[in-house]
file work_39.txt (compact mmCIF, C-alpha atoms and all ligand atoms)
# COMPACT_ATOMS: atom_id res chain seq x y z
CA GLY G 16 116.19 59.05 59.89
CA GLN G 17 115.55 58.46 63.53
CA THR G 18 112.64 60.28 65.13
CA PHE G 19 112.34 61.15 68.78
CA THR G 20 108.94 61.96 70.26
CA ILE G 21 108.81 63.08 73.87
CA LEU G 22 105.90 63.77 76.20
CA GLY G 23 106.76 66.47 78.75
CA LEU G 24 105.12 67.34 82.09
CA GLU G 25 105.53 70.56 84.10
CA SER G 26 104.07 71.39 87.54
CA SER G 27 106.79 73.16 89.53
CA CYS G 28 104.99 76.46 90.21
CA ASP G 29 101.48 77.64 89.33
CA ASP G 30 101.11 76.27 85.80
CA THR G 31 100.11 72.68 85.04
CA ALA G 32 101.37 71.77 81.59
CA ALA G 33 101.89 68.90 79.16
CA ALA G 34 103.41 68.92 75.69
CA VAL G 35 104.54 66.65 72.88
CA VAL G 36 107.74 67.56 71.04
CA ARG G 37 109.27 65.69 68.10
CA GLN G 38 112.65 65.83 66.43
CA THR G 39 113.87 63.98 63.36
CA ASP G 40 117.64 63.51 63.31
CA ASP G 41 119.21 66.97 63.29
CA GLU G 42 116.18 68.83 62.00
CA ALA G 43 114.64 71.53 64.17
CA ALA G 44 112.36 70.29 66.91
CA GLU G 45 108.65 70.63 66.36
CA ILE G 46 106.07 71.28 69.07
CA LEU G 47 103.17 68.97 68.20
CA ALA G 48 101.09 70.13 71.16
CA SER G 49 101.55 72.33 74.21
CA VAL G 50 98.83 72.68 76.84
CA VAL G 51 99.08 75.03 79.86
CA HIS G 52 96.49 75.32 82.63
CA GLY G 53 97.26 78.38 84.75
CA GLN G 54 96.17 78.68 88.39
CA THR G 55 96.08 82.46 88.73
CA GLU G 56 92.40 82.56 89.79
CA LEU G 57 92.95 79.93 92.49
CA HIS G 58 95.64 82.03 94.17
CA SER G 59 94.46 85.57 93.42
CA ALA G 60 92.60 86.02 96.71
CA PHE G 61 95.79 85.18 98.65
CA GLY G 62 98.16 87.62 96.95
CA GLY G 63 100.62 84.88 95.99
CA VAL G 64 100.93 81.20 95.14
CA VAL G 65 99.71 78.96 97.99
CA PRO G 66 101.77 75.74 97.78
CA GLU G 67 99.06 73.39 99.13
CA ILE G 68 96.44 74.73 96.73
CA ALA G 69 98.93 74.53 93.86
CA ALA G 70 99.83 70.90 94.61
CA ARG G 71 96.20 69.80 94.75
CA ALA G 72 95.34 71.60 91.50
CA HIS G 73 98.37 70.05 89.75
CA ALA G 74 97.32 66.57 90.90
CA GLU G 75 93.82 67.18 89.51
CA LYS G 76 94.89 68.77 86.21
CA LEU G 77 97.95 66.74 85.12
CA ASP G 78 95.92 63.85 83.62
CA VAL G 79 93.69 66.31 81.78
CA CYS G 80 96.72 68.15 80.36
CA VAL G 81 98.36 64.90 79.22
CA MET G 82 95.17 63.74 77.51
CA GLN G 83 94.66 67.09 75.81
CA ALA G 84 98.28 67.26 74.63
CA LEU G 85 98.12 63.73 73.18
CA GLU G 86 94.79 64.45 71.52
CA LYS G 87 96.08 67.68 69.95
CA SER G 88 99.22 65.96 68.69
CA GLY G 89 97.17 63.17 67.14
CA LEU G 90 99.34 60.60 68.94
CA SER G 91 98.81 58.03 71.64
CA LEU G 92 101.12 57.12 74.52
CA SER G 93 102.48 54.18 72.51
CA ASP G 94 103.90 56.62 69.91
CA VAL G 95 106.01 58.37 72.54
CA ASP G 96 109.68 57.42 73.05
CA ALA G 97 110.05 58.78 76.58
CA ILE G 98 108.26 60.70 79.30
CA ALA G 99 110.05 63.80 80.56
CA VAL G 100 109.06 65.53 83.78
CA THR G 101 110.25 68.50 85.82
CA ALA G 102 111.94 66.96 88.89
CA GLY G 103 112.86 70.34 90.42
CA PRO G 104 113.55 73.02 91.46
CA GLY G 105 110.16 74.33 92.56
CA LEU G 106 107.35 73.97 95.06
CA ILE G 107 107.83 70.44 96.34
CA GLY G 108 104.14 69.41 96.33
CA GLY G 109 103.69 70.36 92.70
CA VAL G 110 106.96 68.77 91.59
CA MET G 111 105.97 65.55 93.43
CA SER G 112 102.59 65.52 91.67
CA GLY G 113 104.34 65.73 88.30
CA VAL G 114 106.97 63.11 89.12
CA MET G 115 104.30 60.68 90.41
CA CYS G 116 102.16 61.19 87.32
CA ALA G 117 105.15 60.59 85.03
CA LYS G 118 106.15 57.46 86.97
CA GLY G 119 102.61 56.14 86.63
CA LEU G 120 102.63 56.70 82.87
CA SER G 121 106.09 55.17 82.58
CA ALA G 122 105.11 52.08 84.63
CA ALA G 123 101.91 51.60 82.65
CA THR G 124 103.55 51.89 79.21
CA GLY G 125 107.11 50.71 79.79
CA LYS G 126 108.37 54.00 78.28
CA PRO G 127 111.54 55.42 79.83
CA LEU G 128 111.34 58.23 82.37
CA VAL G 129 113.55 61.34 82.06
CA GLY G 130 113.84 63.79 84.98
CA VAL G 131 114.45 67.37 83.88
CA ASN G 132 115.75 70.42 85.74
CA HIS G 133 113.19 73.20 85.24
CA LEU G 134 115.96 75.78 84.81
CA ALA G 135 117.58 73.64 82.10
CA GLY G 136 114.19 73.72 80.36
CA HIS G 137 114.28 77.52 80.30
CA ALA G 138 117.97 77.59 79.39
CA LEU G 139 117.56 75.25 76.40
CA THR G 140 114.48 77.02 74.98
CA PRO G 141 116.50 79.04 72.39
CA ARG G 142 117.49 75.72 70.84
CA LEU G 143 113.89 74.56 70.68
CA THR G 144 112.59 77.83 69.16
CA ASP G 145 115.53 78.94 67.01
CA GLY G 146 117.95 76.03 66.81
CA VAL G 147 120.67 78.16 68.49
CA ALA G 148 124.01 76.32 68.69
CA PHE G 149 126.00 76.01 71.93
CA PRO G 150 127.39 78.08 73.56
CA TYR G 151 125.17 81.07 74.24
CA LEU G 152 124.45 83.46 77.09
CA MET G 153 121.10 83.24 78.80
CA LEU G 154 119.29 85.70 81.08
CA LEU G 155 116.54 84.01 83.06
CA VAL G 156 114.16 86.61 84.55
CA SER G 157 110.88 85.44 86.06
CA GLY G 158 108.82 85.67 89.22
CA GLY G 159 111.06 83.12 90.92
CA HIS G 160 114.39 83.29 89.11
CA CYS G 161 117.03 85.72 88.02
CA GLN G 162 120.35 84.51 86.72
CA TYR G 163 122.93 84.71 83.95
CA LEU G 164 123.86 81.32 82.54
CA VAL G 165 126.17 80.20 79.79
CA SER G 166 124.70 77.12 78.09
CA HIS G 167 127.57 74.91 76.87
CA GLY G 168 125.63 71.68 76.39
CA PRO G 169 122.35 69.96 77.33
CA GLU G 170 123.59 69.47 80.89
CA GLU G 171 126.47 71.88 81.03
CA PHE G 172 125.81 75.35 82.35
CA THR G 173 127.97 78.01 83.96
CA ARG G 174 126.30 80.52 86.26
CA LEU G 175 127.84 83.98 85.88
CA GLY G 176 125.69 85.66 88.53
CA GLY G 177 122.18 86.20 89.72
CA THR G 178 119.96 87.79 92.31
CA ILE G 179 121.00 87.67 95.93
CA ASP G 180 117.42 88.24 97.13
CA ASP G 181 114.17 88.79 95.15
CA ALA G 182 113.61 87.97 91.49
CA PRO G 183 112.58 90.94 89.29
CA GLY G 184 109.08 89.53 88.66
CA GLU G 185 108.61 89.29 92.41
CA ALA G 186 109.65 92.96 92.69
CA PHE G 187 107.08 93.95 90.04
CA ASP G 188 104.41 91.92 91.88
CA LYS G 189 105.24 93.52 95.24
CA THR G 190 105.26 96.99 93.70
CA ALA G 191 101.77 96.37 92.31
CA ARG G 192 100.57 95.15 95.70
CA LEU G 193 102.01 98.21 97.47
CA LEU G 194 100.26 100.54 95.01
CA GLY G 195 96.94 98.68 94.92
CA LEU G 196 97.36 97.52 91.31
CA PRO G 197 96.13 94.10 90.08
CA GLN G 198 98.23 90.90 89.98
CA PRO G 199 100.32 89.75 88.22
CA GLY G 200 102.15 92.99 88.87
CA GLY G 201 104.42 93.04 85.82
CA PRO G 202 101.84 93.97 83.20
CA SER G 203 99.96 96.42 85.47
CA VAL G 204 103.11 98.24 86.61
CA GLU G 205 104.34 98.43 83.02
CA ALA G 206 101.00 99.89 81.88
CA GLU G 207 101.04 102.55 84.65
CA ALA G 208 104.70 103.37 83.95
CA LYS G 209 103.81 104.37 80.38
CA ASN G 210 102.08 107.49 81.75
CA GLY G 211 104.71 108.22 84.40
CA ASP G 212 107.85 110.31 84.76
CA PRO G 213 110.76 107.98 85.55
CA LYS G 214 112.85 110.90 86.89
CA ARG G 215 110.47 112.21 89.57
CA PHE G 216 111.40 109.56 92.14
CA ARG G 217 114.99 108.44 92.46
CA PHE G 218 115.18 104.71 93.09
CA PRO G 219 118.47 103.00 93.99
CA ARG G 220 120.46 100.99 91.42
CA PRO G 221 121.51 98.13 93.72
CA LEU G 222 124.93 96.46 93.48
CA LEU G 223 126.12 98.59 90.56
CA ASP G 224 129.12 99.48 92.73
CA ARG G 225 130.13 95.81 92.63
CA PRO G 226 131.99 94.64 89.52
CA ASP G 227 130.19 91.28 89.25
CA CYS G 228 126.94 90.14 87.60
CA ASP G 229 124.99 89.75 90.83
CA LEU G 230 121.70 91.59 91.28
CA SER G 231 119.45 92.65 94.14
CA PHE G 232 115.83 93.79 93.94
CA SER G 233 114.53 93.74 97.50
CA GLY G 234 115.77 97.29 98.22
CA LEU G 235 113.49 98.70 95.52
CA LYS G 236 110.47 97.57 97.50
CA THR G 237 111.69 99.37 100.64
CA ALA G 238 112.45 102.53 98.65
CA LEU G 239 109.03 102.40 97.04
CA MET G 240 107.27 102.04 100.39
CA ARG G 241 109.14 105.02 101.81
CA MET G 242 108.38 107.27 98.81
CA ARG G 243 104.75 106.16 98.69
CA ASP G 244 104.22 106.88 102.39
CA GLN G 245 105.94 110.25 102.13
CA VAL G 246 103.81 111.44 99.19
CA ALA G 247 100.64 109.98 100.67
CA GLY G 248 101.44 111.57 104.03
CA GLU G 249 101.90 115.02 102.50
CA LYS G 250 98.76 114.93 100.38
CA GLY G 251 96.56 112.51 102.30
CA GLY G 252 96.67 109.96 99.48
CA LEU G 253 98.16 109.07 96.10
CA THR G 254 96.92 110.56 92.84
CA ARG G 255 96.85 108.57 89.62
CA GLN G 256 99.91 110.54 88.49
CA ASP G 257 101.84 109.79 91.73
CA ARG G 258 101.20 106.10 91.13
CA ALA G 259 102.30 106.30 87.49
CA ASP G 260 105.47 108.18 88.45
CA LEU G 261 106.31 105.63 91.15
CA CYS G 262 105.82 102.78 88.64
CA ALA G 263 107.95 104.55 86.03
CA GLY G 264 110.76 105.23 88.53
CA PHE G 265 110.71 101.66 89.79
CA GLN G 266 110.68 100.17 86.29
CA GLN G 267 113.52 102.42 85.14
CA ALA G 268 115.64 101.21 88.07
CA VAL G 269 115.02 97.57 87.06
CA VAL G 270 115.76 98.38 83.40
CA ASP G 271 119.03 100.21 84.21
CA THR G 272 120.20 97.49 86.58
CA LEU G 273 119.45 94.63 84.18
CA ALA G 274 121.05 96.53 81.28
CA GLU G 275 124.28 97.24 83.17
CA LYS G 276 124.58 93.72 84.60
CA THR G 277 123.87 92.22 81.16
CA ARG G 278 126.65 94.42 79.75
CA ARG G 279 129.02 92.90 82.33
CA ALA G 280 127.80 89.33 81.81
CA LEU G 281 128.27 89.74 78.06
CA LYS G 282 131.79 91.08 78.57
CA LEU G 283 132.67 88.10 80.79
CA TYR G 284 131.11 85.72 78.30
CA LEU G 285 132.95 87.24 75.33
CA GLU G 286 136.28 86.71 77.06
CA HIS G 287 135.70 82.96 76.71
CA ASP G 288 133.47 82.52 73.68
CA PRO G 289 134.07 85.44 71.33
CA THR G 290 132.56 84.03 68.14
CA GLN G 291 128.96 84.61 67.03
CA PRO G 292 127.67 85.65 70.44
CA THR G 293 123.98 85.18 71.14
CA VAL G 294 122.11 86.45 74.19
CA ALA G 295 118.71 84.91 74.88
CA VAL G 296 116.11 85.72 77.51
CA ALA G 297 113.49 83.57 79.19
CA GLY G 298 110.95 84.09 81.94
CA GLY G 299 107.80 86.16 82.26
CA VAL G 300 109.67 89.43 82.87
CA ALA G 301 111.03 89.16 79.32
CA ALA G 302 107.53 90.31 78.28
CA ASN G 303 108.39 93.83 79.46
CA THR G 304 108.95 96.09 76.45
CA ALA G 305 111.24 98.55 78.24
CA ILE G 306 113.43 95.69 79.48
CA ARG G 307 113.53 94.00 76.08
CA THR G 308 114.47 97.25 74.34
CA ALA G 309 117.27 97.96 76.81
CA LEU G 310 118.70 94.43 76.46
CA GLN G 311 118.50 94.71 72.70
CA GLU G 312 120.55 97.92 72.83
CA VAL G 313 123.17 96.37 75.09
CA CYS G 314 123.53 93.45 72.67
CA ALA G 315 123.74 95.73 69.64
CA GLU G 316 126.53 97.76 71.35
CA ALA G 317 128.54 94.57 71.90
CA GLY G 318 127.80 93.10 68.46
CA ALA G 319 125.79 90.23 69.91
CA GLU G 320 122.57 88.79 68.60
CA PHE G 321 119.57 89.21 70.89
CA LEU G 322 116.94 86.52 71.00
CA ALA G 323 113.58 86.58 72.78
CA PRO G 324 111.52 83.43 72.22
CA PRO G 325 107.73 83.81 71.82
CA LEU G 326 106.21 84.73 75.16
CA ALA G 327 104.32 81.45 75.56
CA LEU G 328 107.68 79.68 75.54
CA CYS G 329 109.38 82.27 77.80
CA THR G 330 106.93 81.58 80.62
CA ASP G 331 106.45 78.18 82.24
CA ASN G 332 105.41 75.48 79.77
CA ALA G 333 105.95 71.76 79.15
CA ALA G 334 107.35 72.04 75.60
CA MET G 335 110.66 73.23 77.09
CA ILE G 336 110.61 70.26 79.49
CA ALA G 337 109.89 67.79 76.68
CA TYR G 338 112.71 69.36 74.65
CA ALA G 339 115.23 69.32 77.53
CA GLY G 340 114.17 65.71 78.20
CA MET G 341 114.83 64.89 74.56
CA GLU G 342 118.34 66.33 74.73
CA ARG G 343 119.03 64.10 77.78
CA PHE G 344 117.35 61.08 76.19
CA LYS G 345 119.49 61.45 73.05
CA LEU G 346 122.55 61.30 75.28
CA GLY G 347 121.24 57.95 76.55
CA LYS G 348 120.28 59.34 79.93
CA THR G 349 117.09 58.10 81.58
CA ASP G 350 115.92 57.79 85.17
CA GLY G 351 114.50 54.92 87.19
CA MET G 352 111.57 54.69 89.56
CA ASP G 353 113.86 56.13 92.22
CA LEU G 354 113.65 59.58 90.56
CA THR G 355 112.93 62.06 93.35
CA ALA G 356 111.38 65.52 93.42
CA ARG G 357 113.93 68.15 94.47
CA PRO G 358 112.75 71.52 95.82
CA ARG G 359 116.28 72.90 95.34
CA TRP G 360 118.37 71.89 92.37
CA PRO G 361 120.95 74.37 91.11
CA LEU G 362 122.11 73.88 87.54
O1 LIG G 401 108.00 82.98 84.02
P1 LIG G 401 106.74 83.34 84.72
O2 LIG G 401 105.44 83.24 83.97
O3 LIG G 401 106.53 82.47 86.01
C1 LIG G 401 107.52 82.21 86.94
O4 LIG G 401 107.83 83.12 87.74
O5 LIG G 401 108.05 81.08 86.92
O6 LIG G 401 106.93 84.83 85.26
C2 LIG G 401 105.91 85.48 85.96
C3 LIG G 401 106.46 86.81 86.41
C4 LIG G 401 105.50 87.54 87.34
O7 LIG G 401 106.21 87.97 88.47
C5 LIG G 401 105.01 88.70 86.49
O8 LIG G 401 104.70 89.86 87.24
C6 LIG G 401 106.21 88.95 85.59
O9 LIG G 401 106.69 87.67 85.29
N1 LIG G 401 105.81 89.68 84.38
C7 LIG G 401 106.29 90.89 84.05
C8 LIG G 401 105.59 91.29 82.88
N2 LIG G 401 104.73 90.28 82.54
C9 LIG G 401 104.88 89.31 83.46
N3 LIG G 401 107.20 91.69 84.65
C10 LIG G 401 107.44 92.87 84.08
N4 LIG G 401 106.81 93.33 82.97
C11 LIG G 401 105.88 92.59 82.35
N5 LIG G 401 105.26 93.05 81.27
ZN ZN G 402 110.02 78.89 85.20

call {"tool": "encode", "arguments": {"input": "work_39.txt", "output": "structure tokens"}}
result
Amino acid sequence: GQTFTILGLESSCDDTAAAVVRQTDDEAAEILASVVHGQTELHSAFGGVVPEIAARAHAEKLDVCVMQALEKSGLSLSDVDAIAVTAGPGLIGGVMSGVMCAKGLSAATGKPLVGVNHLAGHALTPRLTDGVAFPYLMLLVSGGHCQYLVSHGPEEFTRLGGTIDDAPGEAFDKTARLLGLPQPGGPSVEAEAKNGDPKRFRFPRPLLDRPDCDLSFSGLKTALMRMRDQVAGEKGGLTRQDRADLCAGFQQAVVDTLAEKTRRALKLYLEHDPTQPTVAVAGGVAANTAIRTALQEVCAEAGAEFLAPPLALCTDNAAMIAYAGMERFKLGKTDGMDLTARPRWPL
């Protein structure tokens, strides 16, 4: 049978990554190597990703990642059929670094170049990890994204709804910052919430009065600030328990909102594709146990299968880019040297 081997590059946010993915005819894809260099330490002093620092670090680390990925896979560039790269959306400096690196490799080897939409990478991950057939419903929840997508084909997606302001990961990160907890905020807020009472503080459930699948998370931050200042003002500071209760109340609001909007997205989805429904998640927020459990329950209620890929493939990585590039490549789609980096690129 025919074998496709793709080298993938990712540099759209704060992870520099390279991976080699192979697929033989219709057999499941295999990740031969996946290397991710995070930049958390570089940005930690600034309380968020600094685009200029990110771009420079990507430019420095991309070659290293590519070499490590090839070495781990036991292959050389000549064994690769195509070079896939994230061409957007993301921080423009980082995306440009990746696109330039991929163009250089393509020019030097004569291997075709395939530009990939980062969101398509996330949205196609259930096919890479579990061989899920089209169509399926996807919830993308990360530090930068929040949307419901129906994946119909490698380049065919319908957006059912999404956030109108912050992404949930961003809300977790801001909550941590407001309460003096370490970054990234998701894991630290989740850990605090375990010892907290989710009912003590009443956070809003934004947009539940609207019948659609749109979400909003920026109001939670405002509510949190108000409650924090009120408690701190009364007592002259926050106790450990106050902090835990605030985290628990905040997290419960995110859980309830995501659960209800997923219920609606699933209902919409089932109206069109009622057979063998699968709901998959991607993004760093999918690491949250309370969120996962709630989504699992919503799916069970509706008779849908719930799928959460391994965490390393939920967060930013290049294996998903190599895989999405392979799906495009198999359709005969490649890009030329005029491939451009796009900061905004809706699916
Ligand atoms: O997908 P990801 O690694 O990067 C992008 O945003 O593209 O997601 C990172 C986000 C951060 O905002 C982080 O706080 C959040 O995912 N996160 C979590 C948890 N672990 C990571 N949010 C809630 N609960 C968690 N356990
Ligand atoms: Zn991402």

call {"tool": "closest_residue", "arguments": {"input": "work_39.txt", "among": "G:Glu67, G:Glu45, G:Asp180, G:Asp30", "to": "ligand LIG 401 (chain G)", "atoms": "all atoms listed in the file"}}
result
G:Asp30

call {"tool": "closest_atom_pairs", "arguments": {"input": "work_39.txt", "of": "chain G", "to": "ligand ZN 402 (chain G)", "cutoff": "9 Å", "atoms": "only C-alpha atoms and all ligand atoms", "output": "Markdown table"}}
result
| residue | atom | partner | partner_atom | distance |
| --- | --- | --- | --- | --- |
| G:Ser27 | CA | G:ZN402 | ZN | 7.9 |
| G:Cys28 | CA | G:ZN402 | ZN | 7.5 |
| G:Gly105 | CA | G:ZN402 | ZN | 8.7 |
| G:His133 | CA | G:ZN402 | ZN | 6.5 |
| G:Leu134 | CA | G:ZN402 | ZN | 6.7 |
| G:Gly136 | CA | G:ZN402 | ZN | 8.2 |
| G:His137 | CA | G:ZN402 | ZN | 6.6 |
| G:Leu155 | CA | G:ZN402 | ZN | 8.6 |
| G:Val156 | CA | G:ZN402 | ZN | 8.8 |
| G:Ser157 | CA | G:ZN402 | ZN | 6.7 |
| G:Gly158 | CA | G:ZN402 | ZN | 8.0 |
| G:Gly159 | CA | G:ZN402 | ZN | 7.2 |
| G:His160 | CA | G:ZN402 | ZN | 7.3 |
| G:Ala297 | CA | G:ZN402 | ZN | 8.4 |
| G:Gly298 | CA | G:ZN402 | ZN | 6.2 |
| G:Gly299 | CA | G:ZN402 | ZN | 8.2 |
| G:Cys329 | CA | G:ZN402 | ZN | 8.2 |
| G:Thr330 | CA | G:ZN402 | ZN | 6.1 |
| G:Asp331 | CA | G:ZN402 | ZN | 4.7 |
| G:Asn332 | CA | G:ZN402 | ZN | 7.9 |

call {"tool": "residues_around", "arguments": {"input": "work_39.txt", "residues": "Cys161 of chain G", "least_positions_apart": "6", "cutoff": "9 Å", "atoms": "all atoms listed in the file", "output": "number ranges by chain"}}
result
G: 154-155, 176-178, 181-184, 230, 298

call {"tool": "closest_residue", "arguments": {"input": "work_39.txt", "among": "G:Gln17, G:Thr349, G:Thr190, G:Thr173", "to": "ligand LIG 401 (chain G)", "atoms": "only C-alpha atoms and all ligand atoms"}}
result
G:Thr190

call {"tool": "atom_distance", "arguments": {"input": "work_39.txt", "atom1": "atom CA of Asn210 of chain G", "atom2": "atom CA of Glu275 of chain G"}}
result
24.5 Å
